[in-house]
Amino acid sequence: MKKKVTKAIFPVAGLGTRFLPATKSIPKEIMTLVDRPLIQYAIDEARAAGIKEFIFVTSRGKSALEDYFDHLPELENTLRKKKRTDLLKTLKDTNMDSGAIAYIRQHRALGLGHAVWCARRLLSNEPFAVILPDDVIAAETPCLQQMVEAHAEIGGNMVAAMDVPDDKTSSYGILDIKEDMGSVVSVKGMVEKPPIGNAPSNLAVIGRYILSPDVMGHLNRIKTGAGGEIQLTDAIAQEIAGPDNVYGYRFKGQRFDCGSKAGFLQATVAFGLGREDLRDEFRDYLADMMSVRSAAQ
Ligand code: UTP
């Protein structure tokens, strides 16, 4: 029987340079989409997928992230006294059980592959998930849940994938496809950020992975790759020659790159419009803005 995926690694030790100066003092993952930090979206997605243990790979300056998961008994008591059950529930939904969460330090930002490797001692011989919280995915069935369900059937290593235009392939890890079965593709190669014109397909890897424990072994031996960083993609690519297959999973949903300014703004609009309590006012405001703009043109 295939082992269940119950542990997820959240690598949050990056420098977040695209969001300077904000990231001088706040971790990117604490930045707020409507009223919840990015990390909360990632945690909710992981919980929906059945994840029970949450492993954060952090770095210097990320204490706000660690504090975010602490219980606040004083605030909870005040809300209870004031009978603010709605806010109390919102607050309690962010609480994590004792022992469910672990923090491990990446001392130098040597790349995503290195960040994942830092968590090696917290895993045993079981498949594990990796979630990059700056990729926020709006989906009816949360993306990782879709992947866990597919993984329970086919096993192996699975990376979330989406089709991107030709001029964007150089920004992603790109899959070389062996067989395209629709939502699942089997993979015969992976290239990290290929130069434009050299991509083996348009299918890009985004920040959700279910990986076999052997990937940690490959990370033990791997050298720096594209951009002088230790690339997770390179370690996964080594699985292709091994007994476990590598699959791309075309998830159903919309992904926002909240690590970039444009992506974050787009997500803010999409999630704002998705909220019942804000939708009408926000939509009217956006419509007014657009009509003022077109009148000015
Ligand atoms: P990014 O490529 O978005 O890098 O990392 P970054 O440092 O966060 O942001 P920019 O590019 O400087 O603006 C993708 C994910 O990998 C993690 C990041 O925290 C993010 O979740 N990461 C990256 C690490 O944990 N450690 C690293 O050494 C590099």
# chains A, B, ... in the order shown; residues from 1 in each chain; ligands from 1
$ residues_near_ligand --ligand "ligand 1" --cutoff "10 Å" --atoms "only C-alpha atoms and all ligand atoms" --output "VMD selection string"
chain A and resid 9 to 20 23 27 to 29 39 56 to 59 105 to 116 118 130 to 135 171 to 172 206 to 207 229 to 232 257 to 261
$ residues_around --residues "Gln254 in chain A" --least-positions-apart "2" --cutoff "7 Å" --atoms "only C-alpha atoms" --output "list in words"
Ile137, Ala138, Ala139 and Phe256 of chain A
$ select_by_dssp --residues "range 26-232 of chain A" --states "strand (DSSP E or B)" --output "ChimeraX atom specification"
/A:32-33,36-37,53-58,101-105,128-131,135-138,157-163,173-180,184-192,203-211
$ residues_around --residues "range 47-51 of chain A" --least-positions-apart "4" --cutoff "6 Å" --atoms "only C-alpha atoms" --output "list in words"
Thr6, Lys7, Leu144 and Gln145 of chain A
$ write_last_selection --atoms "N, CA and C atoms" --output "PDB file, in the first residue's frame"
ATOM      1  N   THR A   6       1.717  12.870   5.027  1.00  0.00           N
ATOM      2  CA  THR A   6       1.238  13.567   6.227  1.00  0.00           C
ATOM      3  C   THR A   6       2.157  14.710   6.666  1.00  0.00           C
ATOM      4  N   LYS A   7       3.304  14.848   5.984  1.00  0.00           N
ATOM      5  CA  LYS A   7       4.240  15.915   6.368  1.00  0.00           C
ATOM      6  C   LYS A   7       4.444  16.857   5.189  1.00  0.00           C
ATOM      7  N   LEU A 144      -3.158  21.005  -3.429  1.00  0.00           N
ATOM      8  CA  LEU A 144      -2.421  19.871  -2.855  1.00  0.00           C
ATOM      9  C   LEU A 144      -3.343  18.667  -2.646  1.00  0.00           C
ATOM     10  N   GLN A 145      -4.594  18.945  -2.331  1.00  0.00           N
ATOM     11  CA  GLN A 145      -5.552  17.836  -2.177  1.00  0.00           C
ATOM     12  C   GLN A 145      -5.735  17.097  -3.514  1.00  0.00           C
TER      13      GLN A 145
END
$ closest_residue --among "A:Val136, A:Met147, A:Leu286, A:Ala295" --to "Leu38 in chain A" --atoms "only C-alpha atoms"
A:Val136
